[in-house]
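J.: Questions regarding the structure given below will be posed in turn.
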Protein chains: 2
Amino acid sequence: MPPFRLHIFTCTNRRPEGDPKGSCAEKGSEAVHARFKERVAALGLKGEIRANQAGCMDACAFGVTVVIYPEGVWYGRVRVEDVDEILQSHVIDGRPVERLRLKGHFESPKLKRADPGEG
Amino acid sequence: MPPFRLHIFTCTNRRPEGDPKGSCAEKGSEAVHARFKERVAALGLKGEIRANQAGCMDACAFGVTVVIYPEGVWYGRVRVEDVDEILQSHVIDGRPVERLRLKGHFESPKLKRADPGEG
């Protein structure tokens, strides 16, 4: 039953392999979303907090992208192992996880730079 | 380049045919999202307004569901022909389209009532 106190959107967009932009799904975002969903339920927060899949949010250059509304706090390069910290620090304690935040009008270049680590 | 002034999420979740819950995609939400995307671009609002796909937002009983953040304004039973009005009235003029709004803690029954009109 919406509205939710916090609505967590994780980009699970998947582009074809070899697309120069890459995509959040290629970088593991489906597991990030699944972890949010599982932990929200386990913490008894269902109904209050919603973990949602989203299509491309135009922040492709920043790894797995998550935005939490209505606050409009954006996170980039989120890994599965960051999810519990986001839930505990931000969602429960009200302190966004600063090291993962994307702030201001962060730029999203048209083409991701080649990243040799993500063959 | 997020953050956006307004971020429009349209549920494009699709459940298997015959699922008693139905789904927004089955009710035409992909065309609704496509219209938002096309009109946002045509109106020169790209970068300021983002039309985004979303997974299930737990409002399945209310037809095609749209939420606009950071305001947290929810719309239900949105049809393609409503999109231009939402963009003009809400997004441009700042007046949400009251006849389509879902207000308060609207209930989302576990099972959608049988709807003979949606064979």
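Ordering of the structure tokens sets the chain letters (A, B, ...); residue numbers start at 1 within each chain; ligands are numbered from 1 in the order shown.
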Show me, as a PyMOL selection string, the residues of chain B whose atoms get within 12 Å of chain A, using only C-alpha atoms for the distance check.
T.: chain B and resi 1-13+30+33+46-62+65-76+101-110
J.: Could you pull the residues within 9 Å of Arg15 (chain B), counting only C-alpha atoms, minus those fewer than 4 positions along the same chain, as JSON, numbers by chain?
T.: {"B": [19, 21, 22, 23, 24, 25, 26]}
J.: To test your reading of the structure, identify every residue in chain B that backbone DSSP assigns to helix (DSSP H, G or I), and report it as a ChimeraX atom specification.
T.: /B:25-27,29-42,60-62,80-92,98-100,116-118
